[in-house]
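> Shown below is the structure under consideration.
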Amino acid sequence: MLRRTLRQSNTNFDLFNCMENLLDDIGGAPIVDAILDRFTERLAEDASLAVSFSNRNAAELREQQRKFLNTVLVGLSVSGERVKFNSEELDLFTNHITESLFDLQMGDEVIQEVLRRIDEYRNGISESEQAPVRVTLKLPKPEQWVSITIKNAFALRNLNVGMLPAGAHVIEWDKRDNDGNVFPRGLYRLEMFVDSILVKSIEGAIK
């Protein structure tokens, strides 16, 4: 499996071109079309998902999704018109985007930047110190126990996420320690465990 690490040189790196370059390496389709095509396939296969979008004309839905992807991936304006998703539709499409990026072998930094941009779009703000930290994980088999430890020299947080099904997951940390206090600014290390085995270690910073 191809794994790449995207090094972010500044907070406004060209996310779309970075993903396109990675896709070119594995012979993939353009990122927006790939995500839209996968969603159309899921609609045909997943009855519960189809029900959630049953009041949508297929062509209109695809156009709204394309506008949304152009906003959060490519950075294109949609002429001041907000995409017409209700809260449930936005959550479902966000989950689909995350799983698609996993399947397309995008790295954690790409996925986290996409989620940050979706939050920015959802909240209408450029940056939020209150926004949670998100970590991504894909489980190959069902019923696996997931836990997370976040620590630095001054604080500790243990998150028992619990049993999760197979597939892609996004897990949130509210930037608080075990006592409910806001984590101190500075560097931290986040360690993710599956069935008590360390599977991922990430360094981050709270500004």
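Here, A, B, ... name the chains of the structure tokens in the order displayed, residue numbers run from 1 inside each chain, and ligands are numbered from 1 in the same displayed order.
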Find the spatial neighbours of Ile202 in chain A, counting only C-alpha atoms, within a cut-off of 7 Å - ignore same-chain residues fewer than 6 positions away - and output them as JSON, numbers by chain.

{"A": [189, 190, 191]}

> As a list in words, please: the residues near range 82-98 of chain A (cut-off 7 Å, only C-alpha atoms, same-chain neighbours under 5 positions excluded).

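In the requested format, the answer is Ile35, Gln64, Lys67, Phe68 and Ile111 of chain A.
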
> Quick check, in Å to one decimal: how far apart do CA of Thr136 in chain A and CA of Val110 in chain A lie?

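Separating CA of Thr136 in chain A from CA of Val110 in chain A is a distance of 10.7 Å.
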
> For CA of Ala47 in chain A and CA of Glu99 in chain A, quote the distance in Å rounded to one decimal.

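CA of Glu99 in chain A lies 18.0 Å from CA of Ala47 in chain A.
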
> Measuring between only C-alpha atoms, which one of A:Lys200, A:Val135, A:Asp108, A:Phe154 shows the shortest distance to Trp173 in chain A?

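Counting only C-alpha atoms, the residue closest to Trp173 in chain A is A:Val135.
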
> What is the CA of Asp37 in chain A to CA of Ala58 in chain A distance in Å?

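CA of Asp37 in chain A sits 12.1 Å away from CA of Ala58 in chain A.
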
> Do a neighbour search on Arg176 in chain A at 9 Å with only C-alpha atoms, toss out local chain neighbours closer than 6 positions, and write the hits as a list in words.

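Skipping anything fewer than 6 positions along the chain leaves Ala155, Leu156, Arg157, Val182, Phe183 and Pro184 of chain A.
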
> Taking the backbone alone, and naming residues the way the document does, which bits of range 99-196 of chain A are helix (DSSP H, G or I) by DSSP, as a list of chain:residue names?

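Those in range 99-196 of chain A that DSSP calls helix (DSSP H, G or I) are A:Glu99, A:Ser100, A:Leu101, A:Phe102, A:Asp103, A:Asp108, A:Glu109, A:Val110, A:Ile111, A:Gln112, A:Glu113, A:Val114, A:Leu115, A:Arg116, A:Arg117, A:Ile118, A:Asp119, A:Glu120, A:Tyr121, A:Arg122, A:Asn123.
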
> Write the residues of the preceding selection, restricted to C-alpha atoms, as an mmCIF file, in the first residue's frame.


data_model
loop_
_atom_site.group_PDB
_atom_site.id
_atom_site.type_symbol
_atom_site.label_atom_id
_atom_site.label_comp_id
_atom_site.auth_asym_id
_atom_site.auth_seq_id
_atom_site.Cartn_x
_atom_site.Cartn_y
_atom_site.Cartn_z
ATOM 1 C CA GLU A 99 -13.711 7.388 4.063
ATOM 2 C CA SER A 100 -12.973 8.198 0.412
ATOM 3 C CA LEU A 101 -9.717 9.926 1.361
ATOM 4 C CA PHE A 102 -8.750 6.858 3.392
ATOM 5 C CA ASP A 103 -9.497 4.612 0.413
ATOM 6 C CA ASP A 108 -3.534 12.017 8.088
ATOM 7 C CA GLU A 109 -2.409 15.607 7.503
ATOM 8 C CA VAL A 110 -4.491 15.827 4.324
ATOM 9 C CA ILE A 111 -7.582 14.374 6.016
ATOM 10 C CA GLN A 112 -7.251 16.602 9.075
ATOM 11 C CA GLU A 113 -6.855 19.693 6.892
ATOM 12 C CA VAL A 114 -10.011 18.741 4.956
ATOM 13 C CA LEU A 115 -11.937 18.299 8.216
ATOM 14 C CA ARG A 116 -10.647 21.655 9.461
ATOM 15 C CA ARG A 117 -11.890 23.326 6.288
ATOM 16 C CA ILE A 118 -15.281 21.642 6.612
ATOM 17 C CA ASP A 119 -15.555 22.967 10.176
ATOM 18 C CA GLU A 120 -14.563 26.392 8.916
ATOM 19 C CA TYR A 121 -17.295 26.188 6.288
ATOM 20 C CA ARG A 122 -19.856 24.861 8.771
ATOM 21 C CA ASN A 123 -19.158 27.497 11.399
#

> Which of these residues is nearest to Ile171 in chain A, using only C-alpha atoms: A:Gln65, A:Ser147, A:Asn152, A:Asn57?

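Nearest to Ile171 in chain A: A:Ser147.
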